[in-house]
Amino acid sequence: MSDLSFLNPERIHWLWFALGFTGMLWLLERRAQKVLEAFVSSAMLESLARRVSPTRRAARLACILCCGTLAVLALMRPQSAALAAGLGGPEVKAELMVLLDVSRSMLAEDAVPSRLERAKAELRDLLRALPNHRVGLIAFAGRAVVLCPMTTDHSFFRLVLDDAGPSSVSRGGTRIAAGLEKAMRGFTPGPSAKLLVLVTDGEDHDGYAEEAATEAAALGARIVAIGFGDEGGSALRITDPLTGARETIKDRSGKVVRSRLDGETLRKLTQATRGIYVPAGVGVLDLESIVARHLEPLIDGGQQRSAPARQERARPFIIAALLALVASALFGTRRRKEPS
């Protein structure tokens, strides 16, 4: 790990919180000791309880500080070059930031079992078809939330993807621009090709998506839009996962809400970045053909040179932080003195 580097080195300043917390514990312990000595004589105190020695108290605070420091280092996202067969690891040709629409319209069941679940299933297959790339995940509705920062850990990406849903975002509606703006800040510096994989039904309540796409094009990113839903429109029906009852969604005036795939908007976004639009509709995607004919040319044509793959190395820091926390608990254990 001689080439260890940190993806978010600016988080080193969080160490001040660890130092402040440890210092606060030290002051509280000193205060509690003084209060106890003020009410109980030293002889009585020794007969009532066996106190922890100053050395053990110092060791406990040192373990707490060590735990906080290691936790901060883990949050700084340490990385090192992947090793394969004793040589350099696989090369990363592209970074794929997935923008997943989790608005309520994606729960429509014109695509079986729903637009959202179909989209998640297609993304899992897409990930298997494009190994050795960095991937990230942003969920968006009325606002955008980063669920998985850019990483080579595809297992973590799939884990986060499985849990993504309308509850992942606190604000309803659909603002594609919010997702695009958040995604552009999520790419890592470097020459790798940058793709924005936009998975949505295309409905946009904002109107600034084209401006955001133009900004993405200026940064060298390309949009790959995958549209789910019926372009002709369909009534928005949702099945309750607990009872299995199907509900037809109506607006405030009592009219049935209809949702349709807005392919025209998605085509404009991809044209602004010289990307591609894949109308998934309500059918099954031919992912092998899409990857071979569309995605791989974008990846090969968008890269200036391949970047060496880097693997996340936060796990050893997290394990060490937990061990330090356990050690602090052991050092702080007090036992009452057995009566003679």
# chains A, B, ... in the order shown; residues from 1 in each chain; ligands from 1
call {"tool": "closest_atom_pairs", "arguments": {"of": "stretch 255-329 of chain A", "to": "stretch 115-138 of chain A", "cutoff": "12 Å", "atoms": "only C-alpha atoms", "output": "Markdown table"}}
result
| residue | atom | partner | partner_atom | distance |
| --- | --- | --- | --- | --- |
| A:Ser259 | CA | A:Arg115 | CA | 11.1 |
| A:Arg260 | CA | A:Arg115 | CA | 11.1 |
| A:Leu261 | CA | A:Arg115 | CA | 10.4 |
| A:Pro279 | CA | A:Ala119 | CA | 11.9 |
| A:Ala280 | CA | A:Ala119 | CA | 9.1 |
| A:Gly281 | CA | A:Arg115 | CA | 9.1 |
| A:Val282 | CA | A:Arg115 | CA | 7.9 |
| A:Gly283 | CA | A:Arg118 | CA | 9.5 |
| A:Val284 | CA | A:Glu122 | CA | 8.7 |
| A:Leu285 | CA | A:Glu122 | CA | 7.6 |
| A:Asp286 | CA | A:Glu122 | CA | 9.8 |
| A:Leu287 | CA | A:Leu126 | CA | 6.9 |
| A:Glu288 | CA | A:Ala129 | CA | 7.5 |
| A:Ser289 | CA | A:Ala129 | CA | 10.7 |
| A:Ile290 | CA | A:Leu126 | CA | 9.6 |
| A:Val291 | CA | A:Ala129 | CA | 7.4 |
| A:Ala292 | CA | A:Ala129 | CA | 9.7 |
| A:Leu295 | CA | A:Leu130 | CA | 9.2 |
| A:Glu296 | CA | A:Leu130 | CA | 8.8 |
| A:Ile299 | CA | A:His133 | CA | 10.1 |
| A:Ser306 | CA | A:His133 | CA | 10.6 |
| A:Ala307 | CA | A:His133 | CA | 10.0 |
| A:Pro308 | CA | A:Asn132 | CA | 9.9 |
| A:Ala309 | CA | A:Asn132 | CA | 7.4 |
| A:Arg310 | CA | A:Arg134 | CA | 9.1 |
| A:Gln311 | CA | A:Arg134 | CA | 9.8 |
| A:Glu312 | CA | A:Arg134 | CA | 11.1 |
call {"tool": "select_by_dssp", "arguments": {"residues": "stretch 100-320 of chain A", "states": "alpha helix (DSSP H)", "output": "VMD selection string"}}
result
chain A and resid 115 to 129 154 to 163 176 to 184 209 to 218 263 to 273 287 to 290 296 to 302 314 to 320
call {"tool": "write_last_selection", "arguments": {"atoms": "C-alpha atoms", "output": "PDB file, in the first residue's frame"}}
result
ATOM      1  CA  ARG A 115     -40.710   0.998 -13.987  1.00  0.00           C
ATOM      2  CA  LEU A 116     -38.378   1.364 -11.021  1.00  0.00           C
ATOM      3  CA  GLU A 117     -37.856  -2.352 -10.412  1.00  0.00           C
ATOM      4  CA  ARG A 118     -37.357  -2.988 -14.133  1.00  0.00           C
ATOM      5  CA  ALA A 119     -34.798  -0.176 -14.232  1.00  0.00           C
ATOM      6  CA  LYS A 120     -32.906  -1.626 -11.261  1.00  0.00           C
ATOM      7  CA  ALA A 121     -32.855  -5.074 -12.870  1.00  0.00           C
ATOM      8  CA  GLU A 122     -31.481  -3.649 -16.136  1.00  0.00           C
ATOM      9  CA  LEU A 123     -28.818  -1.701 -14.220  1.00  0.00           C
ATOM     10  CA  ARG A 124     -27.624  -4.870 -12.490  1.00  0.00           C
ATOM     11  CA  ASP A 125     -27.238  -6.552 -15.888  1.00  0.00           C
ATOM     12  CA  LEU A 126     -25.515  -3.480 -17.287  1.00  0.00           C
ATOM     13  CA  LEU A 127     -23.006  -3.554 -14.455  1.00  0.00           C
ATOM     14  CA  ARG A 128     -22.112  -7.159 -15.227  1.00  0.00           C
ATOM     15  CA  ALA A 129     -21.645  -6.277 -18.893  1.00  0.00           C
ATOM     16  CA  HIS A 154     -19.484  -2.999  -7.669  1.00  0.00           C
ATOM     17  CA  SER A 155     -20.773  -5.145  -4.797  1.00  0.00           C
ATOM     18  CA  PHE A 156     -21.403  -2.039  -2.707  1.00  0.00           C
ATOM     19  CA  PHE A 157     -23.076  -0.357  -5.684  1.00  0.00           C
ATOM     20  CA  ARG A 158     -25.482  -3.280  -6.089  1.00  0.00           C
ATOM     21  CA  LEU A 159     -26.244  -3.281  -2.369  1.00  0.00           C
ATOM     22  CA  VAL A 160     -27.166   0.414  -2.452  1.00  0.00           C
ATOM     23  CA  LEU A 161     -29.105  -0.008  -5.696  1.00  0.00           C
ATOM     24  CA  ASP A 162     -31.305  -2.694  -4.141  1.00  0.00           C
ATOM     25  CA  ASP A 163     -32.429  -0.291  -1.397  1.00  0.00           C
ATOM     26  CA  ILE A 176     -33.620  15.981 -13.918  1.00  0.00           C
ATOM     27  CA  ALA A 177     -31.383  19.072 -13.725  1.00  0.00           C
ATOM     28  CA  ALA A 178     -30.798  18.465 -10.007  1.00  0.00           C
ATOM     29  CA  GLY A 179     -29.513  14.974 -10.757  1.00  0.00           C
ATOM     30  CA  LEU A 180     -27.252  16.144 -13.592  1.00  0.00           C
ATOM     31  CA  GLU A 181     -25.747  18.945 -11.514  1.00  0.00           C
ATOM     32  CA  LYS A 182     -25.043  16.606  -8.600  1.00  0.00           C
ATOM     33  CA  ALA A 183     -23.557  13.998 -10.941  1.00  0.00           C
ATOM     34  CA  MET A 184     -21.091  16.404 -12.542  1.00  0.00           C
ATOM     35  CA  ALA A 209     -32.515  19.915 -17.819  1.00  0.00           C
ATOM     36  CA  GLU A 210     -31.238  21.069 -21.232  1.00  0.00           C
ATOM     37  CA  GLU A 211     -29.084  23.794 -19.626  1.00  0.00           C
ATOM     38  CA  ALA A 212     -27.613  21.210 -17.250  1.00  0.00           C
ATOM     39  CA  ALA A 213     -26.926  18.880 -20.188  1.00  0.00           C
ATOM     40  CA  THR A 214     -25.065  21.693 -21.970  1.00  0.00           C
ATOM     41  CA  GLU A 215     -22.878  22.173 -18.887  1.00  0.00           C
ATOM     42  CA  ALA A 216     -22.191  18.430 -18.805  1.00  0.00           C
ATOM     43  CA  ALA A 217     -21.128  18.530 -22.453  1.00  0.00           C
ATOM     44  CA  ALA A 218     -18.704  21.372 -21.661  1.00  0.00           C
ATOM     45  CA  GLY A 263     -38.794  10.421 -25.139  1.00  0.00           C
ATOM     46  CA  GLU A 264     -38.510  13.841 -26.789  1.00  0.00           C
ATOM     47  CA  THR A 265     -36.938  15.402 -23.688  1.00  0.00           C
ATOM     48  CA  LEU A 266     -34.477  12.543 -23.334  1.00  0.00           C
ATOM     49  CA  ARG A 267     -33.485  12.763 -26.998  1.00  0.00           C
ATOM     50  CA  LYS A 268     -32.698  16.468 -26.605  1.00  0.00           C
ATOM     51  CA  LEU A 269     -30.531  15.801 -23.553  1.00  0.00           C
ATOM     52  CA  THR A 270     -28.488  13.134 -25.315  1.00  0.00           C
ATOM     53  CA  GLN A 271     -28.096  15.234 -28.450  1.00  0.00           C
ATOM     54  CA  ALA A 272     -26.656  18.093 -26.371  1.00  0.00           C
ATOM     55  CA  THR A 273     -23.825  15.808 -25.174  1.00  0.00           C
ATOM     56  CA  LEU A 287     -28.226  -5.162 -23.362  1.00  0.00           C
ATOM     57  CA  GLU A 288     -25.565  -7.112 -25.273  1.00  0.00           C
ATOM     58  CA  SER A 289     -26.353  -5.214 -28.455  1.00  0.00           C
ATOM     59  CA  ILE A 290     -26.631  -1.853 -26.648  1.00  0.00           C
ATOM     60  CA  GLU A 296     -18.333   0.686 -25.855  1.00  0.00           C
ATOM     61  CA  PRO A 297     -17.798   3.165 -28.742  1.00  0.00           C
ATOM     62  CA  LEU A 298     -18.609   6.024 -26.357  1.00  0.00           C
ATOM     63  CA  ILE A 299     -16.144   4.663 -23.801  1.00  0.00           C
ATOM     64  CA  ASP A 300     -13.353   4.045 -26.308  1.00  0.00           C
ATOM     65  CA  GLY A 301     -13.936   7.322 -28.118  1.00  0.00           C
ATOM     66  CA  GLY A 302     -14.228   9.455 -24.980  1.00  0.00           C
ATOM     67  CA  ALA A 314     -11.289   1.850   3.954  1.00  0.00           C
ATOM     68  CA  ARG A 315     -12.064  -1.564   5.436  1.00  0.00           C
ATOM     69  CA  PRO A 316      -8.769  -1.988   7.407  1.00  0.00           C
ATOM     70  CA  PHE A 317      -9.239   1.486   8.907  1.00  0.00           C
ATOM     71  CA  ILE A 318     -12.832   0.665   9.920  1.00  0.00           C
ATOM     72  CA  ILE A 319     -11.793  -2.630  11.546  1.00  0.00           C
ATOM     73  CA  ALA A 320      -8.942  -0.920  13.415  1.00  0.00           C
TER      74      ALA A 320
END
call {"tool": "closest_residue", "arguments": {"among": "A:Leu99, A:Val145, A:Ile249, A:Ala193", "to": "A:Leu219", "atoms": "only C-alpha atoms"}}
result
A:Ala193
call {"tool": "residues_around", "arguments": {"residues": "stretch 322-332 of chain A", "least_positions_apart": "4", "cutoff": "9 Å", "atoms": "only C-alpha atoms", "output": "CSV table (one decimal) with N, CA and C atoms, in the first residue's frame"}}
result
chain,number,residue,atom,x,y,z
A,52,VAL,N,-10.3,3.2,38.6
A,52,VAL,CA,-9.4,3.0,37.5
A,52,VAL,C,-8.2,3.8,37.7
A,56,ARG,N,-4.7,3.7,33.2
A,56,ARG,CA,-5.8,3.1,32.4
A,56,ARG,C,-6.8,4.2,31.9
A,57,ARG,N,-7.0,5.3,32.6
A,57,ARG,CA,-7.8,6.3,32.1
A,57,ARG,C,-7.2,7.0,30.9
A,58,ALA,N,-5.9,7.2,31.0
A,58,ALA,CA,-5.2,7.8,29.8
A,58,ALA,C,-5.2,6.9,28.6
A,59,ALA,N,-5.1,5.6,28.9
A,59,ALA,CA,-5.1,4.6,27.8
A,59,ALA,C,-6.5,4.6,27.1
A,60,ARG,N,-7.5,4.7,28.0
A,60,ARG,CA,-8.9,4.7,27.4
A,60,ARG,C,-9.1,5.9,26.5
A,61,LEU,N,-8.7,7.1,27.0
A,61,LEU,CA,-8.9,8.3,26.1
A,61,LEU,C,-8.0,8.2,24.9
A,62,ALA,N,-6.8,7.6,25.0
A,62,ALA,CA,-6.0,7.4,23.8
A,62,ALA,C,-6.7,6.5,22.8
A,63,CYS,N,-7.3,5.4,23.3
A,63,CYS,CA,-8.0,4.5,22.4
A,63,CYS,C,-9.2,5.2,21.7
A,64,ILE,N,-9.9,6.1,22.4
A,64,ILE,CA,-11.0,6.8,21.8
A,64,ILE,C,-10.5,7.8,20.8
A,65,LEU,N,-9.4,8.5,21.0
A,65,LEU,CA,-8.9,9.4,20.0
A,65,LEU,C,-8.4,8.6,18.8
A,66,CYS,N,-7.8,7.4,19.0
A,66,CYS,CA,-7.3,6.6,17.9
A,66,CYS,C,-8.5,6.1,17.1
A,67,CYS,N,-9.6,5.7,17.8
A,67,CYS,CA,-10.8,5.3,17.0
A,67,CYS,C,-11.4,6.4,16.2
A,68,GLY,N,-11.4,7.7,16.7
A,68,GLY,CA,-11.9,8.8,15.9
A,68,GLY,C,-11.0,9.1,14.7
A,70,LEU,N,-9.0,7.0,13.1
A,70,LEU,CA,-9.1,6.0,12.1
A,70,LEU,C,-10.4,6.1,11.3
A,71,ALA,N,-11.5,6.5,12.0
A,71,ALA,CA,-12.8,6.7,11.4
A,71,ALA,C,-12.7,7.8,10.4
A,317,PHE,N,-9.1,0.4,8.0
A,317,PHE,CA,-9.2,1.5,8.9
A,317,PHE,C,-10.5,1.3,9.8
A,318,ILE,N,-11.6,0.8,9.2
A,318,ILE,CA,-12.8,0.7,9.9
A,318,ILE,C,-12.7,-0.4,11.0
call {"tool": "residues_around", "arguments": {"residues": "A:Thr188", "least_positions_apart": "3", "cutoff": "10 Å", "atoms": "only C-alpha atoms", "output": "list in words"}}
result
Leu7, Glu95, Arg134, Pro149, Met150, Thr151, Met184, Arg185, Pro191, Ser192 and Lys194 of chain A
call {"tool": "residues_around", "arguments": {"residues": "A:Phe17", "least_positions_apart": "3", "cutoff": "10 Å", "atoms": "only C-alpha atoms", "output": "ChimeraX atom specification"}}
result
/A:13-14,20-23,65,68-69,72
call {"tool": "atom_distance", "arguments": {"atom1": "atom CA of A:Ala225", "atom2": "atom CA of A:Pro113"}}
result
20.7 Å
call {"tool": "closest_residue", "arguments": {"among": "A:Gln79, A:Ser5, A:Gln33, A:Ser105", "to": "A:Gly172", "atoms": "only C-alpha atoms"}}
result
A:Ser105
